[in-house]
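K.L.:
Enclosed is the structure file structure_19.cif (mmCIF, C-alpha atoms).
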```cif
data_work
#
loop_
_atom_site.group_PDB
_atom_site.id
_atom_site.type_symbol
_atom_site.label_atom_id
_atom_site.label_comp_id
_atom_site.auth_asym_id
_atom_site.auth_seq_id
_atom_site.Cartn_x
_atom_site.Cartn_y
_atom_site.Cartn_z
ATOM 1 C CA MET A 12 -10.463 -52.086 -10.496
ATOM 2 C CA LYS A 13 -11.238 -49.982 -13.543
ATOM 3 C CA LYS A 14 -14.670 -49.108 -12.143
ATOM 4 C CA VAL A 15 -13.126 -48.072 -8.832
ATOM 5 C CA LEU A 16 -10.665 -45.821 -10.678
ATOM 6 C CA ILE A 17 -13.465 -44.240 -12.704
ATOM 7 C CA ILE A 18 -15.538 -43.627 -9.578
ATOM 8 C CA PHE A 19 -12.482 -42.119 -7.873
ATOM 9 C CA LEU A 20 -11.743 -39.817 -10.814
ATOM 10 C CA VAL A 21 -15.361 -38.677 -10.906
ATOM 11 C CA ALA A 22 -15.592 -38.260 -7.138
ATOM 12 C CA ILE A 23 -12.599 -35.884 -6.813
ATOM 13 C CA PRO A 24 -13.894 -33.077 -9.092
ATOM 14 C CA SER A 25 -17.406 -33.582 -7.702
ATOM 15 C CA PHE A 26 -16.095 -33.118 -4.168
ATOM 16 C CA VAL A 27 -14.003 -30.068 -5.105
ATOM 17 C CA TRP A 28 -16.943 -28.486 -6.933
ATOM 18 C CA GLY A 29 -19.325 -29.373 -4.120
ATOM 19 C CA VAL A 30 -17.178 -27.642 -1.501
ATOM 20 C CA TRP A 31 -17.229 -24.424 -3.535
ATOM 21 C CA PHE A 32 -20.937 -24.657 -4.286
ATOM 22 C CA ALA A 33 -21.794 -25.175 -0.616
ATOM 23 C CA PHE A 34 -19.408 -22.570 0.823
ATOM 24 C CA PRO A 35 -21.526 -19.532 1.931
ATOM 25 C CA GLU A 36 -20.556 -16.078 0.654
ATOM 26 C CA HIS A 37 -20.704 -14.489 4.111
ATOM 27 C CA ILE A 38 -18.208 -17.034 5.487
ATOM 28 C CA LEU A 39 -15.900 -16.443 2.520
ATOM 29 C CA LYS A 40 -16.162 -12.671 3.166
ATOM 30 C CA SER A 41 -15.258 -13.141 6.837
ATOM 31 C CA PHE A 42 -12.470 -15.537 5.872
ATOM 32 C CA VAL A 43 -10.905 -12.964 3.513
ATOM 33 C CA GLU A 44 -11.185 -10.142 6.087
ATOM 34 C CA LYS A 45 -9.648 -12.150 8.933
ATOM 35 C CA SER A 46 -6.883 -13.582 6.738
ATOM 36 C CA ILE A 47 -5.628 -10.165 5.613
ATOM 37 C CA SER A 48 -6.140 -8.207 8.863
ATOM 38 C CA THR A 49 -3.274 -7.751 11.344
ATOM 39 C CA ASN A 50 -2.983 -6.320 14.863
ATOM 40 C CA GLU A 51 -2.376 -2.860 13.375
ATOM 41 C CA LEU A 52 -4.597 -2.986 10.295
ATOM 42 C CA SER A 53 -8.125 -4.170 9.644
ATOM 43 C CA VAL A 54 -9.919 -4.996 6.399
ATOM 44 C CA GLU A 55 -13.531 -4.449 5.377
ATOM 45 C CA VAL A 56 -15.006 -6.261 2.364
ATOM 46 C CA GLU A 57 -18.163 -5.001 0.646
ATOM 47 C CA SER A 58 -20.351 -6.929 -1.826
ATOM 48 C CA LEU A 59 -18.482 -10.208 -2.278
ATOM 49 C CA LYS A 60 -20.056 -12.436 -4.956
ATOM 50 C CA LYS A 61 -19.058 -15.984 -5.835
ATOM 51 C CA GLY A 62 -18.512 -16.888 -9.475
ATOM 52 C CA LEU A 63 -17.928 -20.188 -11.230
ATOM 53 C CA PHE A 64 -15.339 -22.667 -9.994
ATOM 54 C CA TYR A 65 -13.444 -20.898 -7.197
ATOM 55 C CA SER A 66 -13.676 -17.377 -8.556
ATOM 56 C CA PHE A 67 -15.297 -14.402 -6.839
ATOM 57 C CA THR A 68 -15.546 -10.632 -7.088
ATOM 58 C CA ILE A 69 -15.324 -7.904 -4.455
ATOM 59 C CA ASN A 70 -16.922 -4.533 -5.083
ATOM 60 C CA ARG A 71 -14.712 -2.750 -2.539
ATOM 61 C CA LEU A 72 -11.977 -3.743 -0.068
ATOM 62 C CA THR A 73 -10.941 -1.077 2.434
ATOM 63 C CA LEU A 74 -7.763 -1.109 4.508
ATOM 64 C CA LEU A 75 -8.109 0.709 7.837
ATOM 65 C CA GLY A 76 -5.668 1.733 10.556
ATOM 66 C CA ARG A 77 -7.152 2.764 13.897
ATOM 67 C CA LYS A 78 -10.559 2.779 12.179
ATOM 68 C CA GLU A 79 -9.334 5.405 9.693
ATOM 69 C CA GLU A 80 -9.495 4.537 6.006
ATOM 70 C CA LEU A 81 -5.985 4.346 4.537
ATOM 71 C CA VAL A 82 -6.547 3.004 1.035
ATOM 72 C CA TYR A 83 -9.222 1.119 -0.856
ATOM 73 C CA LEU A 84 -9.368 -1.366 -3.739
ATOM 74 C CA ASN A 85 -12.441 -1.832 -5.890
ATOM 75 C CA ASP A 86 -13.850 -3.999 -8.698
ATOM 76 C CA ILE A 87 -11.588 -6.874 -7.648
ATOM 77 C CA SER A 88 -11.663 -10.190 -9.512
ATOM 78 C CA CYS A 89 -10.174 -13.126 -7.593
ATOM 79 C CA SER A 90 -9.289 -16.687 -8.490
ATOM 80 C CA LEU A 91 -8.735 -19.270 -5.734
ATOM 81 C CA GLN A 92 -6.822 -22.518 -5.943
ATOM 82 C CA PRO A 93 -9.458 -25.285 -5.456
ATOM 83 C CA TRP A 94 -8.093 -27.013 -2.366
ATOM 84 C CA VAL A 95 -7.517 -23.941 -0.181
ATOM 85 C CA LEU A 96 -10.927 -23.875 1.500
ATOM 86 C CA VAL A 97 -10.625 -27.511 2.496
ATOM 87 C CA PHE A 98 -7.481 -26.711 4.500
ATOM 88 C CA MET A 99 -8.690 -23.157 5.407
ATOM 89 C CA ASN A 100 -5.810 -21.495 3.610
ATOM 90 C CA LEU A 101 -6.142 -18.450 1.358
ATOM 91 C CA ARG A 102 -4.198 -18.590 -1.880
ATOM 92 C CA LEU A 103 -5.432 -16.411 -4.715
ATOM 93 C CA SER A 104 -4.525 -14.118 -7.578
ATOM 94 C CA PHE A 105 -6.448 -10.900 -8.144
ATOM 95 C CA ASN A 106 -6.750 -7.769 -10.244
ATOM 96 C CA GLY A 107 -8.843 -4.627 -10.069
ATOM 97 C CA GLN A 108 -8.561 -0.917 -9.329
ATOM 98 C CA VAL A 109 -6.846 1.053 -6.567
ATOM 99 C CA SER A 110 -7.723 4.707 -6.001
ATOM 100 C CA GLY A 111 -8.481 5.342 -9.665
ATOM 101 C CA GLY A 112 -5.566 3.257 -10.996
ATOM 102 C CA ASN A 113 -5.068 -0.411 -11.845
ATOM 103 C CA MET A 114 -3.573 -3.194 -9.750
ATOM 104 C CA ASN A 115 -2.869 -6.925 -9.777
ATOM 105 C CA GLY A 116 -1.290 -9.266 -7.292
ATOM 106 C CA LYS A 117 -1.098 -12.551 -5.445
ATOM 107 C CA MET A 118 -1.875 -13.581 -1.886
ATOM 108 C CA ASP A 119 -0.846 -16.696 0.025
ATOM 109 C CA ILE A 120 -1.988 -16.999 3.633
ATOM 110 C CA ALA A 121 -1.652 -20.283 5.510
ATOM 111 C CA ARG A 122 -2.005 -20.490 9.296
ATOM 112 C CA ASN A 123 0.569 -18.019 10.684
ATOM 113 C CA LYS A 124 2.309 -17.373 7.361
ATOM 114 C CA LYS A 125 1.354 -14.489 5.119
ATOM 115 C CA HIS A 126 2.663 -13.315 1.743
ATOM 116 C CA ILE A 127 1.070 -10.560 -0.330
ATOM 117 C CA SER A 128 2.467 -8.922 -3.471
ATOM 118 C CA LEU A 129 0.703 -6.099 -5.267
ATOM 119 C CA ASP A 130 1.666 -4.036 -8.321
ATOM 120 C CA PHE A 131 -0.213 -0.768 -8.783
ATOM 121 C CA ARG A 132 -0.254 1.710 -11.664
ATOM 122 C CA ASP A 133 -1.490 5.288 -11.913
ATOM 123 C CA ALA A 134 -3.301 5.450 -8.562
ATOM 124 C CA ARG A 135 -4.461 9.009 -7.853
ATOM 125 C CA ILE A 136 -2.885 10.627 -4.805
ATOM 126 C CA LYS A 137 -6.055 12.602 -4.052
ATOM 127 C CA ASN A 138 -7.996 9.325 -3.793
ATOM 128 C CA ILE A 139 -5.662 7.757 -1.206
ATOM 129 C CA PRO A 140 -6.854 8.800 2.286
ATOM 130 C CA PHE A 141 -3.476 7.979 3.889
ATOM 131 C CA PHE A 142 -1.898 11.049 2.271
ATOM 132 C CA SER A 143 -4.464 13.467 3.683
ATOM 133 C CA ILE A 144 -4.102 11.815 7.116
ATOM 134 C CA ALA A 145 -0.346 12.446 6.828
ATOM 135 C CA GLY A 146 -1.006 16.115 5.956
ATOM 136 C CA ILE A 147 -0.184 15.808 2.246
ATOM 137 C CA LYS A 148 -2.655 17.369 -0.181
ATOM 138 C CA GLY A 149 -2.641 17.545 -3.962
ATOM 139 C CA ASP A 150 -2.797 15.158 -6.862
ATOM 140 C CA GLY A 151 -0.793 13.193 -9.394
ATOM 141 C CA SER A 152 -0.515 9.557 -10.400
ATOM 142 C CA ILE A 153 1.634 7.125 -8.428
ATOM 143 C CA SER A 154 2.823 3.648 -9.421
ATOM 144 C CA GLY A 155 4.851 0.993 -7.652
ATOM 145 C CA ARG A 156 4.931 -2.312 -5.835
ATOM 146 C CA PHE A 157 4.003 -3.540 -2.363
ATOM 147 C CA VAL A 158 5.272 -6.797 -0.826
ATOM 148 C CA MET A 159 4.361 -8.134 2.627
ATOM 149 C CA ASN A 160 5.763 -11.204 4.383
ATOM 150 C CA ASP A 161 4.086 -11.890 7.724
ATOM 151 C CA ASN A 162 4.480 -8.645 9.715
ATOM 152 C CA THR A 163 7.107 -6.977 7.523
ATOM 153 C CA GLY A 164 6.556 -5.136 4.276
ATOM 154 C CA PHE A 165 8.273 -3.193 1.528
ATOM 155 C CA ILE A 166 6.937 -0.453 -0.745
ATOM 156 C CA GLU A 167 8.626 1.136 -3.737
ATOM 157 C CA PHE A 168 6.915 3.874 -5.741
ATOM 158 C CA PHE A 169 7.420 6.672 -8.248
ATOM 159 C CA SER A 170 5.539 9.533 -9.842
ATOM 160 C CA LYS A 171 6.468 11.906 -12.665
ATOM 161 C CA ASP A 172 3.531 14.282 -12.394
ATOM 162 C CA ILE A 173 2.930 15.127 -8.725
ATOM 163 C CA ALA A 174 1.210 18.432 -8.011
ATOM 164 C CA LEU A 175 1.222 18.806 -4.237
ATOM 165 C CA GLU A 176 0.405 21.748 -2.014
ATOM 166 C CA SER A 177 2.856 23.279 0.422
ATOM 167 C CA ALA A 178 2.444 21.461 3.744
ATOM 168 C CA ILE A 179 3.090 22.281 7.395
ATOM 169 C CA PHE A 180 4.690 19.714 9.718
ATOM 170 C CA SER A 181 5.595 20.532 13.329
ATOM 171 C CA GLY A 182 4.985 24.200 12.546
ATOM 172 C CA ILE A 183 7.479 24.127 9.664
ATOM 173 C CA SER A 184 6.362 24.962 6.126
ATOM 174 C CA VAL A 185 7.612 22.343 3.638
ATOM 175 C CA PRO A 186 7.529 23.527 -0.014
ATOM 176 C CA LEU A 187 6.205 20.332 -1.600
ATOM 177 C CA ASN A 188 4.619 22.453 -4.337
ATOM 178 C CA TYR A 189 8.056 22.965 -5.955
ATOM 179 C CA PHE A 190 8.409 19.287 -6.914
ATOM 180 C CA GLN A 191 7.055 17.343 -9.888
ATOM 181 C CA LYS A 192 8.824 13.978 -9.586
ATOM 182 C CA VAL A 193 9.233 11.553 -6.687
ATOM 183 C CA ILE A 194 10.782 8.116 -6.291
ATOM 184 C CA GLY A 195 11.208 6.200 -3.037
ATOM 185 C CA SER A 196 11.076 3.065 -0.951
ATOM 186 C CA LEU A 197 9.835 2.247 2.558
ATOM 187 C CA ASN A 198 10.190 -0.713 4.913
ATOM 188 C CA ILE A 199 7.366 -1.666 7.274
ATOM 189 C CA ARG A 200 7.819 -3.658 10.458
ATOM 190 C CA GLY A 201 4.777 -3.894 12.682
ATOM 191 C CA LYS A 202 3.806 -0.340 13.664
ATOM 192 C CA GLU A 203 7.066 1.117 12.369
ATOM 193 C CA ILE A 204 7.716 2.606 8.926
ATOM 194 C CA PHE A 205 11.319 3.203 7.890
ATOM 195 C CA ILE A 206 11.959 5.634 5.037
ATOM 196 C CA ASN A 207 14.904 4.135 3.177
ATOM 197 C CA SER A 208 15.049 6.935 0.666
ATOM 198 C CA VAL A 209 12.541 9.277 -0.920
ATOM 199 C CA THR A 210 13.866 11.745 -3.484
ATOM 200 C CA LEU A 211 11.954 14.640 -5.005
ATOM 201 C CA GLU A 212 12.864 16.661 -8.080
ATOM 202 C CA GLY A 213 11.624 19.987 -9.313
ATOM 203 C CA ILE A 214 12.847 22.740 -11.584
ATOM 204 C CA ASP A 215 16.230 23.813 -10.136
ATOM 205 C CA ILE A 216 15.613 22.061 -6.796
ATOM 206 C CA TYR A 217 16.248 18.593 -5.355
ATOM 207 C CA ALA A 218 15.313 17.022 -2.009
ATOM 208 C CA ARG A 219 15.862 13.793 -0.128
ATOM 209 C CA ILE A 220 13.769 12.477 2.786
ATOM 210 C CA LYS A 221 14.963 10.010 5.428
ATOM 211 C CA GLY A 222 13.682 8.926 8.829
ATOM 212 C CA ASP A 223 11.004 6.797 10.420
ATOM 213 C CA ILE A 224 7.446 6.762 11.708
ATOM 214 C CA LYS A 225 6.902 4.734 14.886
ATOM 215 C CA ASP A 226 3.286 4.251 15.834
ATOM 216 C CA THR A 227 2.002 7.785 15.075
ATOM 217 C CA PHE A 228 5.234 9.697 15.826
ATOM 218 C CA TYR A 229 7.514 10.776 12.992
ATOM 219 C CA ASN A 230 11.223 11.566 13.105
ATOM 220 C CA ILE A 231 12.195 12.756 9.641
ATOM 221 C CA ASN A 232 14.892 14.877 8.028
ATOM 222 C CA ILE A 233 14.390 16.647 4.703
ATOM 223 C CA GLU A 234 17.605 17.492 2.872
ATOM 224 C CA LEU A 235 17.088 20.378 0.448
ATOM 225 C CA MET A 236 19.495 21.229 -2.381
ATOM 226 C CA PRO A 237 18.100 24.277 -4.195
ATOM 227 C CA GLY A 238 19.677 25.755 -7.322
ATOM 228 C CA LYS A 239 20.778 29.313 -7.968
ATOM 229 C CA SER A 240 17.289 30.620 -8.763
ATOM 230 C CA PHE A 241 16.128 29.660 -5.254
ATOM 231 C CA ILE A 242 19.281 30.736 -3.417
ATOM 232 C CA ASP A 243 19.116 34.169 -5.076
ATOM 233 C CA ASN A 244 15.472 34.577 -4.038
ATOM 234 C CA PRO A 245 15.514 36.510 -0.705
ATOM 235 C CA LEU A 246 12.154 35.114 0.417
ATOM 236 C CA PHE A 247 13.244 31.501 -0.046
ATOM 237 C CA SER A 248 16.757 31.913 1.330
ATOM 238 C CA GLU A 249 15.558 33.850 4.398
ATOM 239 C CA VAL A 250 13.104 31.089 5.397
ATOM 240 C CA LEU A 251 15.716 28.345 5.047
ATOM 241 C CA LYS A 252 18.676 30.262 6.443
ATOM 242 C CA ARG A 253 18.480 28.648 9.907
ATOM 243 C CA TYR A 254 18.558 25.152 8.348
ATOM 244 C CA GLU A 255 21.708 25.770 6.300
ATOM 245 C CA VAL A 256 24.433 23.158 6.846
ATOM 246 C CA SER A 257 26.706 24.303 4.029
ATOM 247 C CA PRO A 258 26.298 26.582 0.995
ATOM 248 C CA GLY A 259 23.372 25.231 -1.055
ATOM 249 C CA TYR A 260 22.610 22.396 1.380
ATOM 250 C CA TYR A 261 19.858 22.563 4.010
ATOM 251 C CA VAL A 262 18.509 19.999 6.494
ATOM 252 C CA VAL A 263 14.990 20.534 7.870
ATOM 253 C CA PRO A 264 14.161 18.327 10.915
ATOM 254 C CA LEU A 265 10.541 17.289 11.334
ATOM 255 C CA ARG A 266 9.437 15.814 14.676
ATOM 256 C CA GLY A 267 5.856 15.300 15.734
ATOM 257 C CA LYS A 268 2.694 13.207 15.672
ATOM 258 C CA LEU A 269 0.497 12.393 12.702
#
```
Let's see the structure in the file written out as structure tokens.
P.N.:
Amino acid sequence: MKKVLIIFLVAIPSFVWGVWFAFPEHILKSFVEKSISTNELSVEVESLKKGLFYSFTINRLTLLGRKEELVYLNDISCSLQPWVLVFMNLRLSFNGQVSGGNMNGKMDIARNKKHISLDFRDARIKNIPFFSIAGIKGDGSISGRFVMNDNTGFIEFFSKDIALESAIFSGISVPLNYFQKVIGSLNIRGKEIFINSVTLEGIDIYARIKGDIKDTFYNINIELMPGKSFIDNPLFSEVLKRYEVSPGYYVVPLRGKL
């Protein structure tokens, strides 16, 4: 009986190690890509290398929407739980870099269930392709958290040093260059993005953004609350005059396609 127990105790770690040793890197790469991808988003993994005992590294992981690069992660170190490959589940913790900043998170994908959580710090706006696709140019560091459960997600973020350029949406000039701070949160459901609240602060000016993006069409309102220095400036007040709702309060509607 004792010999059987010893053989059993030796056999389990040998089996677990053997599965990892025999599992090809290209299958693991495909497994990671297919596990993360959805109907709306696809994932490309470059230079995946296995390490010791259920650890591996990824040189670059790119998230794409309609074949356009949205954001990328690089220098990712991952640690798998040993039994996941036996049951073809993906459960791992990871850390690395995102667009010039740092990130860490966890992922648990089993059959039709998916949970991903990611904390990111000091990612550079200029290195995130999604912003340029959306017509936003400039720089600054952005930090926050992303959580995804199956086909729904949540993002919260903030920045204290944004330096954006003035942008044009639906033929309307939006003075993003006046703001230095931003804080906000978004909900994601399938192809729809709901802007819960995004607030921007600058010197003597405040703004709030609400609305949604469905597929590639956006329906957004920007509420502007400028201070006296802006209201007394004829150039600024003349441009915004047609959007005035009440003294010192303006609502700019943006409707169009990304």
K.L.:
Going by the chain IDs and residue numbers used in this file, which residues fall under the PyMOL selection byres ((chain A and resi 40) around 12)? Write them as number ranges by chain.
P.N.:
A: 34-39, 41-47, 54-61, 67-72, 101
K.L.:
Mind checking which residues fall within 7 Å of Ile224 of chain A, counting all atoms listed in the file, ignoring those fewer than 3 positions away in the same chain, and posting them as a PyMOL selection string?
P.N.:
chain A and resi 203-205+227-230
K.L.:
List the spatial neighbours of Met118 of chain A as a ChimeraX atom specification - criterion: any atom at most 9 Å away, all atoms listed in the file, same-chain residues fewer than 6 positions off excluded.
P.N.:
/A:101-105,125-129
K.L.:
Identify, on the basis of all atoms listed in the file, every residue whose closest approach to Gly259 of chain A does not exceed 8 Å; exclude the query and any residue fewer than 4 positions from it along the same chain; express the result as a list in words.
P.N.:
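My list of contacting residues is Met236, Pro237, Gly238, Ile242 and Glu255 of chain A.
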K.L.:
Could you write out the selected residues, including C-alpha atoms, as a short mmCIF file (atom, residue, chain, number, x, y, z; two decimals), in the frame of the given file?
P.N.:
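So out-v7.cif came out as:
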```cif
data_model
loop_
_atom_site.label_atom_id
_atom_site.label_comp_id
_atom_site.auth_asym_id
_atom_site.auth_seq_id
_atom_site.Cartn_x
_atom_site.Cartn_y
_atom_site.Cartn_z
CA MET A 236 19.50 21.23 -2.38
CA PRO A 237 18.10 24.28 -4.20
CA GLY A 238 19.68 25.76 -7.32
CA ILE A 242 19.28 30.74 -3.42
CA GLU A 255 21.71 25.77 6.30
#
```
K.L.:
I need the residue set behind the PyMOL selection byres ((chain A and resi 75-80) around 6) for this file; please write it as a list in words.
P.N.:
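That selection, the PyMOL selection byres ((chain A and resi 75-80) around 6), comes back as Leu52, Ser53, Leu74, Leu81 and Val82 of chain A.
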K.L.:
Which residues, named as in the file, does the PyMOL selection byres ((chain A and resi 179) around 12) pick out? Answer as a PyMOL selection string.
P.N.:
chain A and resi 145-148+176-178+180-188+265-267+269
K.L.:
Can you work out which one of A:Asp243, A:Glu212, A:Asp226, A:Glu167 has the shortest atom-to-atom distance to Asn198 of chain A, counting only C-alpha atoms?
P.N.:
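Checking each candidate against Asn198 of chain A, we get A:Glu167 as the closest.
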K.L.:
Calculate, to one decimal in Å, the centre and edge lengths of the box along x, y and z of the file that holds all listed atoms of segment 186-190 of chain A with 3 Å of margin on each side, and present them as JSON.
P.N.:
```
{"center_x": 6.5, "center_y": 21.4, "center_z": -3.5, "size_x": 9.8, "size_y": 10.2, "size_z": 12.9}
```
K.L.:
Find the distance between atom CA of Phe141 of chain A and atom CA of Glu51 of chain A and write it in Å to one decimal.
P.N.:
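So the two atoms, atom CA of Phe141 of chain A and atom CA of Glu51 of chain A, lie 14.4 Å apart.
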K.L.:
With 12 Å as the threshold, what does the neighbourhood of (13.8, 12.1, 1.8) contain in terms of residues, counting only C-alpha atoms? Coordinates are those of the file; answer as a PDB file with C-alpha atoms, in the frame of the given file.
P.N.:
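Written output follows (part_39.pdb):
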```pdb
ATOM      1  CA  LEU A 187       6.205  20.332  -1.600  1.00  0.00           C
ATOM      2  CA  VAL A 193       9.233  11.553  -6.687  1.00  0.00           C
ATOM      3  CA  ILE A 194      10.782   8.116  -6.291  1.00  0.00           C
ATOM      4  CA  GLY A 195      11.208   6.200  -3.037  1.00  0.00           C
ATOM      5  CA  SER A 196      11.076   3.065  -0.951  1.00  0.00           C
ATOM      6  CA  LEU A 197       9.835   2.247   2.558  1.00  0.00           C
ATOM      7  CA  PHE A 205      11.319   3.203   7.890  1.00  0.00           C
ATOM      8  CA  ILE A 206      11.959   5.634   5.037  1.00  0.00           C
ATOM      9  CA  ASN A 207      14.904   4.135   3.177  1.00  0.00           C
ATOM     10  CA  SER A 208      15.049   6.935   0.666  1.00  0.00           C
ATOM     11  CA  VAL A 209      12.541   9.277  -0.920  1.00  0.00           C
ATOM     12  CA  THR A 210      13.866  11.745  -3.484  1.00  0.00           C
ATOM     13  CA  LEU A 211      11.954  14.640  -5.005  1.00  0.00           C
ATOM     14  CA  GLU A 212      12.864  16.661  -8.080  1.00  0.00           C
ATOM     15  CA  TYR A 217      16.248  18.593  -5.355  1.00  0.00           C
ATOM     16  CA  ALA A 218      15.313  17.022  -2.009  1.00  0.00           C
ATOM     17  CA  ARG A 219      15.862  13.793  -0.128  1.00  0.00           C
ATOM     18  CA  ILE A 220      13.769  12.477   2.786  1.00  0.00           C
ATOM     19  CA  LYS A 221      14.963  10.010   5.428  1.00  0.00           C
ATOM     20  CA  GLY A 222      13.682   8.926   8.829  1.00  0.00           C
ATOM     21  CA  ASP A 223      11.004   6.797  10.420  1.00  0.00           C
ATOM     22  CA  ASN A 230      11.223  11.566  13.105  1.00  0.00           C
ATOM     23  CA  ILE A 231      12.195  12.756   9.641  1.00  0.00           C
ATOM     24  CA  ASN A 232      14.892  14.877   8.028  1.00  0.00           C
ATOM     25  CA  ILE A 233      14.390  16.647   4.703  1.00  0.00           C
ATOM     26  CA  GLU A 234      17.605  17.492   2.872  1.00  0.00           C
ATOM     27  CA  LEU A 235      17.088  20.378   0.448  1.00  0.00           C
ATOM     28  CA  MET A 236      19.495  21.229  -2.381  1.00  0.00           C
ATOM     29  CA  VAL A 262      18.509  19.999   6.494  1.00  0.00           C
ATOM     30  CA  VAL A 263      14.990  20.534   7.870  1.00  0.00           C
ATOM     31  CA  PRO A 264      14.161  18.327  10.915  1.00  0.00           C
ATOM     32  CA  LEU A 265      10.541  17.289  11.334  1.00  0.00           C
TER      33      LEU A 265
END
```
K.L.:
Which neighbours of Arg132 of chain A fall inside 6 Å, counting all atoms listed in the file, when residues of the same chain fewer than 2 positions from it are skipped, and could you give them as a ChimeraX atom specification?
P.N.:
/A:112-113,134,154
K.L.:
Hey, can you spit out that residue selection with C-alpha atoms as a JSON list (two decimals), keeping the file's coordinate frame?
P.N.:
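To be explicit, this is the file written out as selection-v9.json:
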```json
[["chain", "number", "residue", "atom", "x", "y", "z"],
["A", 112, "GLY", "CA", -5.57, 3.26, -11.00],
["A", 113, "ASN", "CA", -5.07, -0.41, -11.84],
["A", 134, "ALA", "CA", -3.30, 5.45, -8.56],
["A", 154, "SER", "CA", 2.82, 3.65, -9.42]]
```
